[in-house]
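Below is query28.txt, which holds compact mmCIF, C-alpha atoms.
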```txt
# COMPACT_ATOMS: atom_id res chain seq x y z
CA ASP A 1 0.00 0.00 0.00
CA VAL A 2 1.75 3.15 -1.23
CA ALA A 3 0.35 6.68 -1.32
CA LYS A 4 2.30 9.46 -3.03
CA SER A 5 1.96 13.22 -3.55
CA CYS A 6 -1.03 13.64 -1.28
CA VAL A 7 -2.04 16.06 1.46
CA ILE A 8 -3.07 14.57 4.78
CA LYS A 9 -4.22 16.10 8.08
CA GLY A 10 -3.02 13.26 10.31
CA ALA A 11 -3.40 9.48 10.37
CA THR A 12 -3.11 6.46 12.67
CA PHE A 13 -1.95 3.15 11.22
CA SER A 14 -2.77 -0.02 13.15
CA GLY A 15 -2.04 -2.48 10.34
CA THR A 16 1.13 -4.29 9.25
CA GLY A 17 3.36 -3.73 6.24
CA ILE A 18 1.97 -0.33 5.22
CA THR A 19 4.18 2.18 3.39
CA VAL A 20 3.29 5.88 3.59
CA GLU A 21 5.31 8.01 1.17
CA GLY A 22 5.12 11.44 -0.39
CA PHE A 23 2.57 13.09 1.89
CA HIS A 24 2.58 16.72 2.95
CA SER A 25 0.99 16.81 6.39
CA SER A 26 0.04 20.23 7.71
CA LEU A 27 -1.84 20.30 11.01
CA ASN A 28 -2.98 23.17 13.16
CA SER A 29 -5.60 21.66 15.44
CA ASN A 30 -6.04 20.38 18.98
CA ASP A 31 -5.68 16.71 18.04
CA ASN A 32 -2.69 15.49 20.05
CA ALA A 33 -2.17 12.26 18.11
CA GLY A 34 0.72 13.50 15.96
CA ALA A 35 0.73 13.58 12.18
CA PHE A 36 1.52 9.86 11.75
CA HIS A 37 0.97 7.38 14.58
CA LEU A 38 2.30 3.89 13.87
CA LYS A 39 0.48 1.56 16.24
CA GLY A 40 1.04 -1.51 14.08
CA ASN A 41 4.21 -3.41 13.23
CA GLY A 42 6.52 -3.39 10.23
CA ASN A 43 5.30 -0.15 8.69
CA ILE A 44 7.29 2.49 6.78
CA VAL A 45 6.83 6.26 6.79
CA LYS A 46 9.28 7.88 4.38
CA ASN A 47 9.85 10.94 2.20
CA ASN A 48 7.07 12.96 3.83
CA THR A 49 6.91 16.62 4.82
CA ILE A 50 5.35 17.12 8.25
CA GLU A 51 4.68 20.60 9.62
CA LYS A 52 2.64 22.00 12.51
CA SER A 53 1.86 18.58 13.91
CA CYS A 54 0.35 18.37 17.38
CA MET A 55 2.66 16.89 20.02
CA ALA A 56 5.01 15.13 17.55
CA GLY A 57 5.49 14.60 13.85
CA ILE A 58 5.76 10.80 14.04
CA ILE A 59 4.87 8.51 16.96
CA MET A 60 5.90 4.83 16.93
CA THR A 61 4.17 2.67 19.53
CA GLY A 62 4.24 -0.50 17.43
CA SER A 63 7.39 -2.51 16.71
CA ASN A 64 9.81 -2.85 13.78
CA ASN A 65 8.67 0.34 12.08
CA LEU A 66 10.84 2.67 9.99
CA ALA A 67 10.72 6.47 9.76
CA GLU A 68 13.08 7.48 6.96
CA ASN A 69 13.96 10.68 5.08
CA ASN A 70 11.09 12.73 6.48
CA GLU A 71 11.21 16.47 7.09
CA ILE A 72 9.55 17.51 10.35
CA PHE A 73 9.31 21.10 11.55
CA ALA A 74 7.17 23.59 13.52
CA SER A 75 5.52 21.00 15.78
CA ARG A 76 2.86 22.50 18.05
CA GLN A 77 1.89 22.36 21.71
CA CYS A 78 -1.80 22.01 20.95
CA ALA A 79 -3.57 21.54 24.27
CA GLY A 80 -2.89 24.98 25.72
CA THR A 81 0.12 26.32 27.55
CA SER A 82 0.11 23.46 30.09
CA GLY A 83 -0.55 20.75 27.51
CA PRO A 84 1.64 18.18 25.75
CA ASP A 85 5.07 18.92 24.37
CA ALA A 86 6.07 19.61 20.79
CA ASP A 87 8.58 17.01 19.58
CA GLY A 88 9.97 15.66 16.35
CA ILE A 89 9.68 11.87 16.70
CA ARG A 90 8.50 9.79 19.66
CA MET A 91 9.74 6.20 19.77
CA PHE A 92 8.59 3.31 21.94
CA ALA A 93 8.30 -0.50 21.69
CA ASP A 94 10.91 -2.75 20.02
CA GLY A 95 13.02 -2.65 16.88
CA ASN A 96 12.03 0.75 15.57
CA ILE A 97 14.36 2.75 13.31
CA ALA A 98 14.59 6.49 12.61
CA ARG A 99 16.98 7.13 9.73
CA GLY A 100 17.86 10.13 7.59
CA ASN A 101 15.19 12.45 8.95
CA TYR A 102 15.56 16.25 9.01
CA ILE A 103 13.89 17.65 12.13
CA HIS A 104 14.23 21.38 12.62
CA ASP A 105 12.94 24.69 13.93
CA ILE A 106 10.54 23.78 16.71
CA SER A 107 10.36 27.01 18.66
CA LEU A 108 9.82 27.95 22.29
CA GLU A 109 8.36 31.22 21.06
CA GLU A 110 5.46 29.25 19.59
CA ASN A 111 5.41 26.62 22.36
CA PRO A 112 6.30 28.59 25.50
CA THR A 113 5.93 25.83 28.13
CA ALA A 114 6.80 22.80 26.01
CA HIS A 115 9.71 20.43 26.63
CA ILE A 116 10.88 20.28 23.01
CA ASP A 117 12.99 17.28 21.97
CA CYS A 118 14.06 15.98 18.60
CA PHE A 119 13.53 12.36 19.74
CA GLN A 120 11.76 11.39 22.95
CA SER A 121 10.77 8.23 24.81
CA TRP A 122 9.69 7.64 28.40
CA GLY A 123 8.53 4.02 28.31
CA THR A 124 9.73 0.80 26.74
CA LEU A 125 12.27 1.41 23.99
CA THR A 126 14.39 -1.58 23.02
CA ASN A 127 16.65 -2.52 20.10
CA ALA A 128 16.16 0.87 18.45
CA ARG A 129 18.38 2.62 15.92
CA ILE A 130 18.61 6.40 15.47
CA GLU A 131 21.01 7.03 12.62
CA GLY A 132 21.86 9.61 9.99
CA ASN A 133 19.37 12.20 11.22
CA ILE A 134 19.81 15.98 11.41
CA CYS A 135 18.25 17.82 14.36
CA LYS A 136 18.57 21.59 13.99
CA ASN A 137 17.36 24.43 16.22
CA ILE A 138 15.65 22.21 18.80
CA PRO A 139 15.60 23.92 22.24
CA HIS A 140 15.97 20.89 24.51
CA ALA A 141 17.43 17.44 23.84
CA GLY A 142 18.44 15.71 20.66
CA ILE A 143 17.40 12.45 22.35
CA GLN A 144 15.55 12.20 25.66
CA THR A 145 14.87 8.89 27.46
CA ASP A 146 13.27 9.03 30.89
CA ASP A 147 13.10 5.43 32.07
CA GLY A 148 16.36 3.60 32.68
CA ASP A 149 14.71 0.22 33.26
CA ASN A 150 12.94 0.19 29.90
CA ALA A 151 15.39 1.88 27.48
CA LYS A 152 17.74 -0.87 26.33
CA ASN A 153 20.05 -1.59 23.40
CA ILE A 154 19.84 1.77 21.64
CA THR A 155 22.25 2.59 18.80
CA ILE A 156 22.82 6.29 18.03
CA ARG A 157 25.19 6.91 15.13
CA ASN A 158 26.04 9.30 12.31
CA ASN A 159 23.62 12.00 13.49
CA VAL A 160 24.01 15.78 13.71
CA PHE A 161 22.44 17.37 16.79
CA ASN A 162 22.19 21.18 16.81
CA THR A 163 20.08 21.26 19.96
CA GLY A 164 19.97 22.74 23.45
CA ARG A 165 21.39 19.49 24.83
CA GLY A 166 22.62 16.67 22.66
CA LEU A 167 21.56 13.72 24.81
CA ASN A 168 19.66 13.42 28.09
CA MET A 169 19.46 9.68 28.58
CA TYR A 170 18.90 6.81 30.96
CA GLY A 171 19.28 3.26 29.69
CA ASP A 172 21.31 0.09 29.31
CA GLY A 173 23.37 -0.96 26.31
CA ILE A 174 23.67 2.47 24.68
CA ILE A 175 26.03 2.81 21.68
CA ILE A 176 26.82 6.41 20.67
CA THR A 177 29.26 6.68 17.77
CA ASN A 178 30.24 9.09 14.98
CA ASN A 179 27.83 11.87 15.93
CA VAL A 180 28.24 15.64 15.87
CA PHE A 181 26.85 17.48 18.90
CA ALA A 182 26.69 21.21 18.15
CA GLY A 183 25.50 23.06 21.23
CA LEU A 184 23.16 25.99 21.61
CA GLY A 185 24.95 27.15 24.77
CA THR A 186 23.63 24.61 27.28
CA PRO A 187 26.23 24.12 30.07
CA THR A 188 26.10 20.29 30.10
CA TYR A 189 25.70 19.08 26.59
CA VAL A 190 25.78 15.27 26.58
CA LEU A 191 24.24 14.03 29.82
CA LEU A 192 24.14 10.29 30.51
CA ARG A 193 22.04 9.68 33.61
CA SER A 194 23.28 6.49 35.29
CA PRO A 195 23.30 4.30 32.18
CA THR A 196 25.07 0.96 32.05
CA ASN A 197 27.11 -0.59 29.26
CA VAL A 198 27.70 2.64 27.36
CA THR A 199 29.97 3.05 24.35
CA PHE A 200 30.73 6.69 23.52
CA GLN A 201 33.30 6.90 20.71
CA ASN A 202 34.35 9.05 17.73
CA ASN A 203 31.94 11.88 18.49
CA ILE A 204 32.45 15.64 18.14
CA ILE A 205 31.10 18.04 20.79
CA TYR A 206 31.42 21.80 20.44
CA ASN A 207 29.90 25.14 21.43
CA THR A 208 29.13 24.15 25.01
CA SER A 209 30.80 24.91 28.36
CA SER A 210 30.97 21.23 29.38
CA GLY A 211 30.96 18.37 26.94
CA LEU A 212 30.13 14.98 28.52
CA LEU A 213 28.71 14.31 31.97
CA THR A 214 27.98 10.87 33.39
CA THR A 215 26.23 10.67 36.74
CA ALA A 216 27.02 8.24 39.53
CA GLY A 217 26.48 4.63 38.58
CA SER A 218 27.42 4.96 34.91
CA VAL A 219 29.30 1.97 33.55
CA LYS A 220 31.23 2.23 30.31
CA ALA A 221 31.99 -0.40 27.71
CA GLY A 222 34.55 0.30 25.04
CA GLY A 223 35.69 3.60 26.51
CA TYR A 224 34.58 7.20 26.32
```

What is this structure when it is put down as structure tokens?
Amino acid sequence: DVAKSCVIKGATFSGTGITVEGFHSSLNSNDNAGAFHLKGNGNIVKNNTIEKSCMAGIIMTGSNNLAENNEIFASRQCAGTSGPDADGIRMFADGNIARGNYIHDISLEENPTAHIDCFQSWGTLTNARIEGNICKNIPHAGIQTDDGDNAKNITIRNNVFNTGRGLNMYGDGIIITNNVFAGLGTPTYVLLRSPTNVTFQNNIIYNTSSGLLTTAGSVKAGGY
């Protein structure tokens, strides 16, 4: 199932093996479901333009899905000033991949109380890959994970993060290689919050007053 060169106002996919390609999604409503919500397994969302989505451009709560070569920008905090955040991609479940996406210009001026991340997860996230993405002008984290018990085996490689903080992560089995972390002036730029089995190699960090911070309990594998 392939759809190309269409305009869509937001969609939820609960099936398996669906490919969504070539859409221009432009939302400006109070529906906090995101532009594309992948609840099913083995689906592909690629080569889409996603602007003004509520809460996040793409949400993956199913497993083994792929978000590839999408442009996401101007996400909105749509439930009022105390409502949900405005993120690029939210990832959960198992085996999901975000590759080659361009996520940019999500503004605090338009979302004054939002916690704006390029990628965010706070529940189960296992065996995920975040690779070859560009995150530009994102006020908070390039990647935010909030639950150390459920974020496991995450590979982060070949990305460019021009964000307020590059990483703000809990987790186990985190591989972080060949990334560029270009700060927006945040004092602590790559923050690893008590993760275990971390590999942090061949990365570039600049334009920040402190580069890499690991809190008590961090265990490295392969060196920093």

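Note that CA of Gly142 in chain A and CA of Asn162 in chain A are 7.7 Å apart.
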
Spatial neighbours of Gln201 in chain A, max dist 7 Å, all atoms listed in the file, sep filter under 2 positions, as a PyMOL selection string: chain A and resi 176-178+199+203+224

For Ala128 in chain A, which residue out of A:Phe92, A:Phe23, A:Phe13, A:Tyr102 is the nearest one, using all atoms listed in the file? A:Phe92

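Taking CA of Thr214 in chain A and CA of Gly95 in chain A as the two end points, the separation is 26.1 Å.
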
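Taking CA of Asp105 in chain A as the reference point, CA of Met60 in chain A is found at 21.3 Å.
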
Taking the point (18.4, 8.6, 17.5) as given in the file, collect each protein or nucleic acid residue that comes within 9 Å of it, counting only C-alpha atoms, and present the set as a ChimeraX atom specification. /A:97-99,118-119,128-133,142-143,154-157,159

Quick one: everything within 12 Å of Gly88 in chain A, counting all atoms listed in the file, minus sequence neighbours fewer than 4 positions away in the same chain. Send it as a PyMOL selection string. chain A and resi 34-36+49-60+67+70-77+98+101-107+115-121+133-144

What lies within 10 Å of Asp94 in chain A using all atoms listed in the file, ignoring chain neighbours under 5 positions off, as a PyMOL selection string? chain A and resi 41+60-65+124-128+151-153

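Each of A:Gly22, A:Gly164, A:Gly15, A:Gly211 was compared to Gly185 in chain A using all atoms listed in the file, and A:Gly164 turns out to be the nearest.
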